[in-house]
file final31.cif (mmCIF, C-alpha atoms and all ligand atoms)
data_model
#
loop_
_atom_site.label_atom_id
_atom_site.label_comp_id
_atom_site.auth_asym_id
_atom_site.auth_seq_id
_atom_site.Cartn_x
_atom_site.Cartn_y
_atom_site.Cartn_z
CA MET A 111 -25.93 -4.43 2.07
CA ARG A 112 -22.66 -6.29 1.70
CA LYS A 113 -22.85 -9.33 -0.53
CA PRO A 114 -20.89 -12.23 1.01
CA LEU A 115 -17.83 -13.38 -0.90
CA VAL A 116 -16.01 -16.69 -0.71
CA ALA A 117 -12.69 -16.91 -2.51
CA GLY A 118 -10.74 -20.13 -2.91
CA ASN A 119 -6.98 -19.64 -2.92
CA TRP A 120 -5.65 -22.78 -4.54
CA LYS A 121 -2.06 -21.70 -3.96
CA MET A 122 0.47 -23.83 -5.89
CA ASN A 123 -1.75 -26.89 -6.14
CA GLY A 124 -3.52 -28.84 -8.84
CA LEU A 125 -2.88 -29.88 -12.42
CA GLN A 126 -5.19 -29.60 -15.42
CA ASP A 127 -6.93 -32.88 -14.65
CA THR A 128 -7.44 -32.26 -10.95
CA ASN A 129 -8.61 -28.69 -11.56
CA HIS A 130 -11.13 -29.89 -14.09
CA HIS A 131 -12.29 -32.61 -11.72
CA LEU A 132 -12.63 -30.20 -8.80
CA LEU A 133 -14.76 -27.76 -10.77
CA GLU A 134 -16.90 -30.53 -12.22
CA LEU A 135 -17.45 -31.90 -8.72
CA LEU A 136 -18.42 -28.47 -7.40
CA LYS A 137 -20.98 -28.15 -10.17
CA LYS A 138 -22.25 -31.68 -9.62
CA GLU A 139 -22.63 -31.08 -5.88
CA GLY A 140 -24.74 -28.02 -6.64
CA ILE A 141 -22.58 -24.94 -6.30
CA GLU A 142 -24.64 -23.31 -9.03
CA ASN A 143 -27.79 -23.63 -6.91
CA ILE A 144 -26.34 -21.11 -4.47
CA GLY A 145 -26.96 -18.51 -7.16
CA GLU A 146 -26.74 -14.78 -6.63
CA PRO A 147 -26.63 -14.30 -2.85
CA VAL A 148 -22.94 -15.21 -2.59
CA GLU A 149 -20.09 -14.18 -4.84
CA ILE A 150 -17.84 -17.20 -5.39
CA VAL A 151 -14.32 -16.93 -6.77
CA VAL A 152 -11.53 -19.41 -7.40
CA CYS A 153 -7.91 -18.32 -7.68
CA PRO A 154 -5.86 -20.97 -9.47
CA PRO A 155 -2.18 -20.68 -10.40
CA PHE A 156 -1.62 -18.21 -13.25
CA ILE A 157 -0.98 -20.77 -15.97
CA TYR A 158 -4.39 -22.36 -15.51
CA LEU A 159 -6.39 -19.16 -15.70
CA ALA A 160 -7.16 -19.40 -19.40
CA TYR A 161 -8.38 -22.95 -19.00
CA ILE A 162 -10.41 -22.12 -15.89
CA LYS A 163 -12.00 -19.24 -17.78
CA HIS A 164 -13.06 -21.70 -20.44
CA LEU A 165 -14.54 -24.03 -17.79
CA LEU A 166 -16.32 -21.38 -15.75
CA GLU A 167 -17.72 -18.99 -18.31
CA GLY A 168 -21.47 -18.88 -17.85
CA SER A 169 -21.38 -20.36 -14.33
CA ASN A 170 -21.88 -18.49 -11.05
CA MET A 171 -18.19 -18.90 -10.22
CA LYS A 172 -15.71 -16.17 -11.02
CA TRP A 173 -11.95 -16.50 -11.22
CA GLY A 174 -9.04 -14.45 -10.06
CA ALA A 175 -5.29 -14.60 -9.51
CA GLN A 176 -3.11 -15.07 -6.46
CA ASN A 177 -0.61 -12.36 -7.23
CA VAL A 178 0.17 -9.67 -9.78
CA SER A 179 2.99 -7.40 -10.87
CA HIS A 180 2.71 -3.71 -10.06
CA HIS A 181 4.05 -2.92 -13.54
CA SER A 182 1.70 -2.75 -16.47
CA ALA A 183 4.08 -4.10 -19.15
CA GLY A 184 7.76 -4.26 -20.02
CA ALA A 185 11.01 -6.07 -19.28
CA TYR A 186 9.96 -7.89 -16.08
CA THR A 187 10.85 -11.51 -16.76
CA GLY A 188 8.50 -13.98 -15.15
CA GLU A 189 5.94 -11.42 -14.04
CA ILE A 190 2.23 -11.13 -14.90
CA SER A 191 0.63 -7.74 -15.38
CA PRO A 192 -2.81 -6.76 -14.11
CA TYR A 193 -3.88 -6.05 -17.69
CA MET A 194 -3.10 -9.66 -18.62
CA LEU A 195 -5.31 -10.83 -15.78
CA ALA A 196 -8.11 -8.53 -16.87
CA ASP A 197 -7.64 -9.80 -20.42
CA LEU A 198 -8.36 -13.33 -19.14
CA GLY A 199 -11.57 -12.22 -17.50
CA CYS A 200 -10.28 -12.10 -13.93
CA HIS A 201 -12.38 -9.96 -11.62
CA PHE A 202 -10.22 -10.33 -8.52
CA VAL A 203 -6.59 -10.60 -7.53
CA ILE A 204 -5.14 -11.42 -4.13
CA VAL A 205 -2.44 -8.97 -3.07
CA GLY A 206 -0.20 -9.12 -0.04
CA HIS A 207 -0.90 -12.68 0.96
CA SER A 208 1.28 -13.48 3.97
CA GLU A 209 3.10 -16.17 2.00
CA ARG A 210 4.11 -13.49 -0.52
CA ARG A 211 5.16 -11.21 2.30
CA THR A 212 7.17 -13.76 4.30
CA LEU A 213 8.56 -16.04 1.55
CA TYR A 214 9.06 -13.50 -1.24
CA GLY A 215 9.87 -10.37 0.68
CA GLU A 216 6.85 -8.30 -0.30
CA THR A 217 6.79 -5.21 1.86
CA ASN A 218 3.77 -3.07 2.69
CA GLY A 219 5.05 -0.64 0.05
CA ILE A 220 5.17 -3.25 -2.72
CA VAL A 221 1.76 -4.56 -1.72
CA ALA A 222 0.34 -1.03 -1.91
CA LYS A 223 1.71 -0.61 -5.44
CA LYS A 224 0.14 -3.91 -6.49
CA PHE A 225 -3.16 -2.83 -4.97
CA VAL A 226 -3.16 0.37 -7.01
CA ALA A 227 -1.98 -1.35 -10.20
CA ALA A 228 -4.74 -3.94 -9.93
CA GLN A 229 -7.37 -1.23 -9.65
CA GLN A 230 -5.95 0.65 -12.61
CA ALA A 231 -6.60 -2.47 -14.70
CA ASN A 232 -10.15 -2.58 -13.31
CA LEU A 233 -9.49 -5.62 -11.09
CA THR A 234 -10.74 -5.81 -7.52
CA PRO A 235 -7.80 -6.40 -5.19
CA ILE A 236 -8.28 -8.69 -2.21
CA LEU A 237 -5.83 -7.09 0.19
CA CYS A 238 -4.53 -9.50 2.83
CA VAL A 239 -3.56 -8.20 6.24
CA GLY A 240 -2.79 -9.98 9.47
CA GLU A 241 -0.38 -10.46 12.32
CA SER A 242 2.08 -13.20 13.25
CA LEU A 243 1.75 -15.23 16.43
CA ARG A 244 4.53 -13.24 18.07
CA GLU A 245 2.80 -9.98 17.22
CA ARG A 246 -0.47 -11.25 18.63
CA GLU A 247 1.26 -12.37 21.83
CA GLU A 248 2.90 -8.97 22.12
CA GLY A 249 -0.53 -7.38 21.87
CA ILE A 250 0.27 -5.39 18.73
CA THR A 251 -2.21 -6.96 16.29
CA GLU A 252 -4.08 -3.71 15.67
CA ARG A 253 -0.89 -1.74 15.16
CA ILE A 254 0.35 -4.25 12.56
CA VAL A 255 -2.94 -4.26 10.66
CA LYS A 256 -3.12 -0.48 10.80
CA GLU A 257 0.41 -0.22 9.35
CA GLN A 258 -0.53 -2.60 6.55
CA LEU A 259 -3.52 -0.41 5.71
CA ASP A 260 -1.69 2.89 6.11
CA ASP A 261 0.80 2.13 3.36
CA ILE A 262 -2.10 1.87 0.94
CA PHE A 263 -2.98 5.48 1.80
CA LEU A 264 0.49 6.63 0.78
CA HIS A 265 -0.42 5.63 -2.78
CA THR A 266 -4.15 6.24 -2.98
CA ASP A 267 -7.06 7.35 -0.81
CA ILE A 268 -10.09 5.89 0.92
CA HIS A 269 -12.11 5.95 -2.31
CA ALA A 270 -9.98 3.06 -3.53
CA PHE A 271 -11.88 0.91 -1.04
CA ASN A 272 -15.04 1.38 -3.09
CA LYS A 273 -13.63 -1.34 -5.30
CA ALA A 274 -11.58 -3.55 -3.02
CA VAL A 275 -11.91 -6.35 -0.52
CA ILE A 276 -9.86 -6.84 2.63
CA ALA A 277 -8.99 -10.29 3.94
CA TYR A 278 -7.96 -10.48 7.57
CA GLU A 279 -5.71 -13.51 7.77
CA PRO A 280 -3.84 -14.03 11.03
CA ILE A 281 -0.62 -15.73 9.93
CA TRP A 282 -0.77 -18.18 12.83
CA ALA A 283 -4.09 -19.49 11.51
CA ILE A 284 -3.06 -20.05 7.88
CA GLY A 285 -2.70 -23.71 6.99
CA THR A 286 -2.26 -24.62 10.65
CA GLY A 287 -5.75 -25.81 11.57
CA HIS A 288 -5.76 -23.17 14.35
CA THR A 289 -8.68 -21.03 13.24
CA ALA A 290 -9.20 -17.73 15.03
CA THR A 291 -12.30 -17.93 17.20
CA PRO A 292 -15.26 -15.97 15.84
CA ASP A 293 -14.73 -13.42 18.62
CA GLN A 294 -11.02 -13.04 17.89
CA ALA A 295 -11.74 -12.55 14.19
CA GLN A 296 -14.65 -10.18 14.79
CA GLU A 297 -12.50 -8.02 17.05
CA VAL A 298 -10.01 -7.34 14.25
CA HIS A 299 -12.68 -7.05 11.56
CA GLY A 300 -14.47 -4.49 13.71
CA PHE A 301 -11.22 -2.63 14.22
CA ILE A 302 -10.56 -2.49 10.47
CA ARG A 303 -14.05 -1.23 9.69
CA ASN A 304 -13.91 1.40 12.44
CA TYR A 305 -10.48 2.52 11.38
CA LEU A 306 -11.58 3.06 7.77
CA SER A 307 -14.84 4.64 8.81
CA GLU A 308 -12.86 7.45 10.42
CA GLN A 309 -12.10 8.44 6.82
CA ASP A 310 -15.42 7.56 5.21
CA PRO A 311 -18.21 5.80 7.10
CA GLU A 312 -20.16 4.88 3.98
CA ILE A 313 -17.23 3.29 2.21
CA ALA A 314 -16.27 1.40 5.37
CA GLU A 315 -19.85 0.17 5.78
CA GLU A 316 -19.96 -1.18 2.22
CA LEU A 317 -16.50 -2.75 2.27
CA ARG A 318 -16.33 -6.52 2.41
CA ILE A 319 -13.89 -7.89 4.96
CA LEU A 320 -13.18 -11.61 4.63
CA TYR A 321 -11.68 -13.87 7.24
CA GLY A 322 -8.96 -16.32 6.21
CA GLY A 323 -7.00 -18.91 8.12
CA SER A 324 -8.12 -22.54 8.38
CA VAL A 325 -11.71 -21.84 7.34
CA LYS A 326 -13.41 -25.24 6.97
CA GLY A 327 -16.86 -26.58 6.33
CA ASP A 328 -17.41 -27.04 10.04
CA ASN A 329 -16.35 -23.61 11.28
CA ALA A 330 -17.45 -21.32 8.45
CA ALA A 331 -21.01 -20.73 9.66
CA GLU A 332 -20.01 -19.45 13.11
CA LEU A 333 -17.36 -17.18 11.63
CA PHE A 334 -19.67 -15.77 8.96
CA ALA A 335 -22.35 -15.12 11.58
CA MET A 336 -20.21 -12.35 13.07
CA PRO A 337 -21.38 -8.85 12.13
CA ASP A 338 -18.22 -7.69 10.38
CA ILE A 339 -17.20 -10.95 8.68
CA ASP A 340 -18.43 -10.93 5.09
CA GLY A 341 -17.11 -14.26 3.85
CA GLY A 342 -13.83 -16.09 3.63
CA LEU A 343 -10.54 -16.47 1.86
CA VAL A 344 -10.11 -20.20 1.86
CA GLY A 345 -6.90 -22.12 1.21
CA GLY A 346 -6.75 -25.86 1.94
CA ALA A 347 -10.51 -26.39 2.10
CA SER A 348 -11.00 -24.81 -1.33
CA LEU A 349 -9.34 -27.89 -2.83
CA GLU A 350 -12.04 -30.16 -1.40
CA ALA A 351 -15.31 -29.84 -3.29
CA LYS A 352 -17.59 -30.79 -0.39
CA ASP A 353 -15.83 -28.53 2.08
CA PHE A 354 -15.74 -25.57 -0.29
CA LEU A 355 -19.40 -26.01 -1.14
CA THR A 356 -20.34 -26.13 2.56
CA ILE A 357 -18.37 -22.93 3.12
CA CYS A 358 -20.13 -21.19 0.23
CA GLN A 359 -23.49 -22.34 1.57
CA ALA A 360 -22.59 -21.05 5.02
CA ALA A 361 -22.07 -17.61 3.47
CA SER A 362 -25.46 -17.53 1.81
P1 LIG B 1 -5.90 -21.95 4.77
O1 LIG B 1 -5.27 -20.78 3.89
O2 LIG B 1 -7.39 -21.89 4.59
O3 LIG B 1 -5.32 -23.22 4.21
O4 LIG B 1 -5.50 -21.71 6.18
C1 LIG B 1 -5.88 -19.52 3.81
C2 LIG B 1 -5.05 -18.60 2.95
O5 LIG B 1 -3.83 -18.73 2.98
O6 LIG B 1 -5.59 -17.75 2.23
#
call {"tool": "encode", "arguments": {"input": "final31.cif", "output": "structure tokens"}}
result
Amino acid sequence: MRKPLVAGNWKMNGLQDTNHHLLELLKKEGIENIGEPVEIVVCPPFIYLAYIKHLLEGSNMKWGAQNVSHHSAGAYTGEISPYMLADLGCHFVIVGHSERRTLYGETNGIVAKKFVAAQQANLTPILCVGESLREREEGITERIVKEQLDDIFLHTDIHAFNKAVIAYEPIWAIGTGHTATPDQAQEVHGFIRNYLSEQDPEIAEELRILYGGSVKGDNAAELFAMPDIDGGLVGGASLEAKDFLTICQAAS
């Protein structure tokens, strides 16, 4: 049985006050009543992780990071190592978000190294994959997603997916309000699961595959009802307490 997961990607938003307020509001609105059936994670900017840890310890919400270095320590000015994230109690880290790929030049190869480095520090990577609008229109969505997965296998093997999450995030749906339809999302989720099950059916069956891209309170339930969608990676709506709570409830 796959336990649903909802992860809020705050991106580069929020300040100490607003973060505090958001988490207080989530608690007040009853996020803790959701309890065990859903794993809930928030991914704030790095510098707030220590503070968020302090606020969330003992609650049902976990915390994670939005990015990580593939180096473990050393002369890498401005970078954050996976061991530092683990040290701050992070369970998860997003790797290969499309904004990292398109704005900061992260290639499939770099993303694969980050994926492996995160696991070495005992973090669970949330590996983002997904196609651009042009790629979808050209009919090469599956090829693009397959390439994004295949680079991981140059650095590790299928067993790595025992402790990983995949987020399918079509780039054309991120922050645009154009959510993939449940059928469009399911098609790619099913493809990913089938593709990995060629290597190990059990691991593929247990792997959580999240959908991301304009998930909102009013579309989460129909997306999460699809057989291969195990929760969401949520950007904009994770900054709105009511919306995020509705999404977490939809996953339960
Ligand atoms: P969005 O972002 O929900 O604002 O579309 C999702 C993401 O980038 O992870």
call {"tool": "atom_distance", "arguments": {"input": "final31.cif", "atom1": "CA of Ala185 in chain A", "atom2": "CA of Leu259 in chain A"}}
result
29.5 Å
call {"tool": "residues_around", "arguments": {"input": "final31.cif", "residues": "range 156-158 of chain A", "least_positions_apart": "6", "cutoff": "8 Å", "atoms": "only C-alpha atoms", "output": "list in words"}}
result
Gln126, Ala175 and Gln176 of chain A
call {"tool": "write_last_selection", "arguments": {"input": "final31.cif", "atoms": "C-alpha atoms", "output": "PDB file, in the frame of the given file"}}
result
ATOM      1  CA  GLN A 126      -5.190 -29.600 -15.420  1.00  0.00           C
ATOM      2  CA  ALA A 175      -5.290 -14.600  -9.510  1.00  0.00           C
ATOM      3  CA  GLN A 176      -3.110 -15.070  -6.460  1.00  0.00           C
TER       4      GLN A 176
END
call {"tool": "residues_near_ligand", "arguments": {"input": "final31.cif", "ligand": "ligand LIG 1 (chain B)", "cutoff": "10 Å", "atoms": "all atoms listed in the file", "output": "ChimeraX atom specification"}}
result
/A:117-121,176,204,207-209,238,277-289,321-326,342-349
call {"tool": "atom_distance", "arguments": {"input": "final31.cif", "atom1": "CA of Leu166 in chain A", "atom2": "CA of Ala335 in chain A"}}
result
28.7 Å
call {"tool": "closest_residue", "arguments": {"input": "final31.cif", "among": "A:Asp353, A:Val226, A:Leu159, A:Thr266", "to": "Asn129 in chain A", "atoms": "only C-alpha atoms"}}
result
A:Leu159
call {"tool": "residues_around", "arguments": {"input": "final31.cif", "residues": "Pro292 in chain A", "least_positions_apart": "6", "cutoff": "7 Å", "atoms": "only C-alpha atoms", "output": "number ranges by chain"}}
result
A: 332-333, 336
call {"tool": "decode", "arguments": {"input": "final31.cif", "residues": "range 124-146 of chain A", "atoms": "C-alpha atoms", "output": "short mmCIF file (atom, residue, chain, number, x, y, z; two decimals), in the first residue's frame"}}
result
data_model
loop_
_atom_site.label_atom_id
_atom_site.label_comp_id
_atom_site.auth_asym_id
_atom_site.auth_seq_id
_atom_site.Cartn_x
_atom_site.Cartn_y
_atom_site.Cartn_z
CA GLY A 124 7.87 33.89 2.67
CA LEU A 125 9.69 35.56 5.53
CA GLN A 126 9.95 34.45 9.15
CA ASP A 127 6.67 36.10 10.10
CA THR A 128 4.65 34.82 7.17
CA ASN A 129 6.08 31.32 7.51
CA HIS A 130 5.17 31.26 11.17
CA HIS A 131 1.70 32.56 10.39
CA LEU A 132 1.14 30.00 7.63
CA LEU A 133 2.10 27.07 9.84
CA GLU A 134 0.03 28.37 12.74
CA LEU A 135 -2.94 28.74 10.41
CA LEU A 136 -2.51 25.20 9.09
CA LYS A 137 -2.52 23.90 12.64
CA LYS A 138 -5.50 26.03 13.59
CA GLU A 139 -7.46 24.85 10.55
CA GLY A 140 -6.84 21.26 11.62
CA ILE A 141 -3.99 19.86 9.57
CA GLU A 142 -3.01 17.74 12.56
CA ASN A 143 -6.39 16.00 12.49
CA ILE A 144 -5.45 14.39 9.18
CA GLY A 145 -3.04 12.25 11.18
CA GLU A 146 -1.22 9.23 9.83
#
